[in-house]
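A.B. asks: Please see the structure below; I have some questions.
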There are 2 protein chains.
Amino acid sequence: MKLQPIDTSVTLKDHIYERMRSAILGMDLYADDPDLRLDERSLAEQLGVSRTPLREVLIRLEQEGLLVIKPRRGIFVVRKTLTEILEMIVAWAALESMAARLAAEAASDDEIASLRKMAAKNSVTKAGADIAEYSDDNIRFHQRILDISHCKLLGVLAEGLFVHMHAVRRRAMGEEDRVAKSVVDHMGIIEALEARDGALASDRVRDHTMLLHDHVRQIWRAAEQTDISKGEAR
Amino acid sequence: MKLQPIDTSVTLKDHIYERMRSAILGMDLYADDPDLRLDERSLAEQLGVSRTPLREVLIRLEQEGLLVIKPRRGIFVVRKTLTEILEMIVAWAALESMAARLAAEAASDDEIASLRKMAAKNSVTKAGADIAEYSDDNIRFHQRILDISHCKLLGVLAEGLFVHMHAVRRRAMGEEDRVAKSVVDHMGIIEALEARDGALASDRVRDHTMLLHDHVRQIWRAAEQTDISKGEAR
DNA sequence: TTCCGCTATCTGGTATACCAGATGCCAGAC
DNA sequence: GTCTGGCATCTGGTATACCAGATAGCGGAA
């Protein structure tokens, strides 16, 4: 008889963390007047727990940059500025381009082939499917590159950055014309990896991500123009 | 009359954090038998605070990867593995090489000049000064590159990685012969920046950091051999 | 009517009490 | 002497109480 050990390390905090995290990420931070302020006691009551474990979760979320806690003032969901978003994309580009370089050396043929499989699915999907689905596949493609670099830390760091993109995605991503270009870029990356050309793969990944960087900057500024009547509060 | 606003956001936790952090970084994790286990109540008593703020600090330190908290088991200082250290250096290389690329475009002439000043100091120091001092200057040089990229996030992320290098420095850094080579590398980086050649600067920074990567790997393995009699417990 | 200051109250910060799982020692059975 | 079951105790997890700074509303003075 065999028994799997029970994971005793999951605790109340972990559940609270999941709930809070998804709740925060689900918020539309850029709506006209979202509630950016949270109340410890109210949250604790809603979750049915005491303040102590909740606070520890809030501190963790603050560490991750999702919240900011101002002593005796309140707890606020952070709204990333354009500059911060752009810097995250730059950092993401740095990490992923390094991952591509490593992958060109370290990844197995099967792993690289798996990328091509993902890309193929996209090029079919492209025809008429919805952008949301493509967007998810797109993300998986990039995360896969981080995976096959065999450097776990790169993936972990990128994931930490990526969390913050959720809120901004509906504001600055998903344009029809970008999809076609993106598919082409992905093929170029795959080809560089298949050729085991680390420098080329690295360059292509970086350029591809920096294209997103420029795109976000343009879209965002356009959005700012549209919002102009709402004032400069944000 | 002018008054600076009082920073009311510093709290007990922040003080505790500083103390704990420096205490942990000051530990010699690779000594024969360091106390890796911490006790909440004992720590709280030593610091003269209650467990609550202390716990919040411990959670923060766990987030940063300095501690690991095992429910109902204990709190332990983490001892990084060779693999983890090497991955950190890789990530560091990724971030700093991107910083160099950006710096070649964005940095002012004065900022680049400041690098040369730092390097000049080192080449003088090289003659007979102690390695510890060079090591500090060396770190500042690299942090300066991150600064002049004008992308704050790159510096922040790198700093988060760098914390973990403290403990490993006395084990794997500071060799006489590396200093001379390092000074030459630095000059090469500066020249690339002065030429505003982002791609070249990026490559040189990456190669330079990856040299550290290989060096650490070799030194560490040599150390493992020396420690062989101490068993595999670690 | 306007302005100032007091106070009620709200918020996060800290201290303390209690809970349950983990561990290790020891008595009793074999 | 060895093994097993139970209990004392240690550790982190959670709940609760209380503290002090922050804020806003109200009432009285000018």
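All residue names refer to the structure tokens as shown: chains lettered A, B, ... in order, residues numbered from 1 in each chain, ligands numbered from 1 in order.
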Within 12 Å of chain D, which residues of chain B show up? Give each one with its shortest atom-to-atom distance in Å (one decimal) and the two atoms involved, counting only C-alpha atoms (C1' of nucleotides), rows by chain then rising residue number, as CSV.
C.D. replies:
```
residue,atom,partner,partner_atom,distance
B:Thr8,CA,D:DG21,C1',9.4
B:Ser9,CA,D:DG21,C1',11.0
B:Thr11,CA,D:DG21,C1',11.9
B:Arg37,CA,D:DT11,C1',11.4
B:Leu38,CA,D:DT11,C1',10.5
B:Asp39,CA,D:DT11,C1',8.0
B:Glu40,CA,D:DG12,C1',8.2
B:Arg41,CA,D:DT11,C1',9.3
B:Ser42,CA,D:DT11,C1',11.4
B:Arg51,CA,D:DG12,C1',10.8
B:Thr52,CA,D:DT14,C1',11.4
B:Arg55,CA,D:DG12,C1',9.9
B:Leu58,CA,D:DG12,C1',11.9
B:Ile69,CA,D:DG12,C1',8.6
B:Lys70,CA,D:DG12,C1',8.0
B:Pro71,CA,D:DG12,C1',5.5
B:Arg72,CA,D:DG12,C1',4.5
B:Arg73,CA,D:DT11,C1',6.1
B:Gly74,CA,D:DT11,C1',6.3
B:Ile75,CA,D:DG12,C1',8.6
```
A.B. asks: How close does each residue of chain C get to chain B, giving the shortest atom pair and distance in Å to one decimal for every residue with an atom at most 9 Å away, counting only C-alpha atoms (C1' of nucleotides), sorted by chain and residue number, as CSV?
C.D. replies:
```
residue,atom,partner,partner_atom,distance
C:DG13,C1',B:Pro53,CA,8.1
C:DT14,C1',B:Thr52,CA,6.9
C:DA15,C1',B:Ser50,CA,6.0
C:DT16,C1',B:Ser50,CA,8.5
C:DG21,C1',B:Arg72,CA,6.3
C:DA22,C1',B:Arg72,CA,6.4
```
A.B. asks: Give me a file of those residues, with C-alpha atoms (C1' of nucleotides), as a PDB file, in the first residue's frame.
C.D. replies:
```
ATOM      1  C1'  DG C  13      -0.237  49.070  14.570  1.00  0.00           C
ATOM      2  C1'  DT C  14       0.885  46.332  18.445  1.00  0.00           C
ATOM      3  C1'  DA C  15       0.327  43.208  22.358  1.00  0.00           C
ATOM      4  C1'  DT C  16      -1.514  39.138  24.253  1.00  0.00           C
ATOM      5  C1'  DG C  21       0.070  20.255  14.902  1.00  0.00           C
ATOM      6  C1'  DA C  22       4.959  18.510  15.671  1.00  0.00           C
TER       7       DA C  22
END
```
A.B. asks: Counting only C-alpha atoms, which residues from chain B have an atom at most 9 Å from any atom of chain A, and could you show them as number ranges by chain?
C.D. replies: B: 8-11, 52, 55-56, 59-60, 63-64, 70-72, 84, 87-88, 90-91, 93-99, 151-154, 157
A.B. asks: Residues at most 8 Å from Ser182 in chain B, counting only C-alpha atoms (C1' of nucleotides), excluding those fewer than 4 positions away in the same chain, as a list in words?
C.D. replies: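 Near neighbours after the sequence-gap exclusion: Arg178, His186 and His208 of chain B.
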A.B. asks: Once DSSP has gone over the backbone, tell me which residues of range 26-161 of chain B are in helix (DSSP H, G or I), as a count of residues only.
C.D. replies: 92
A.B. asks: Using Å and a single decimal, report how far CA of Asp7 in chain A sits from CA of Arg19 in chain A.
C.D. replies: 19.6 Å
A.B. asks: Find the distance between CA of Met210 in chain A and CA of Ile89 in chain A and write it in Å to one decimal.
C.D. replies: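 Straight-line distance from CA of Met210 in chain A to CA of Ile89 in chain A works out to 7.3 Å.
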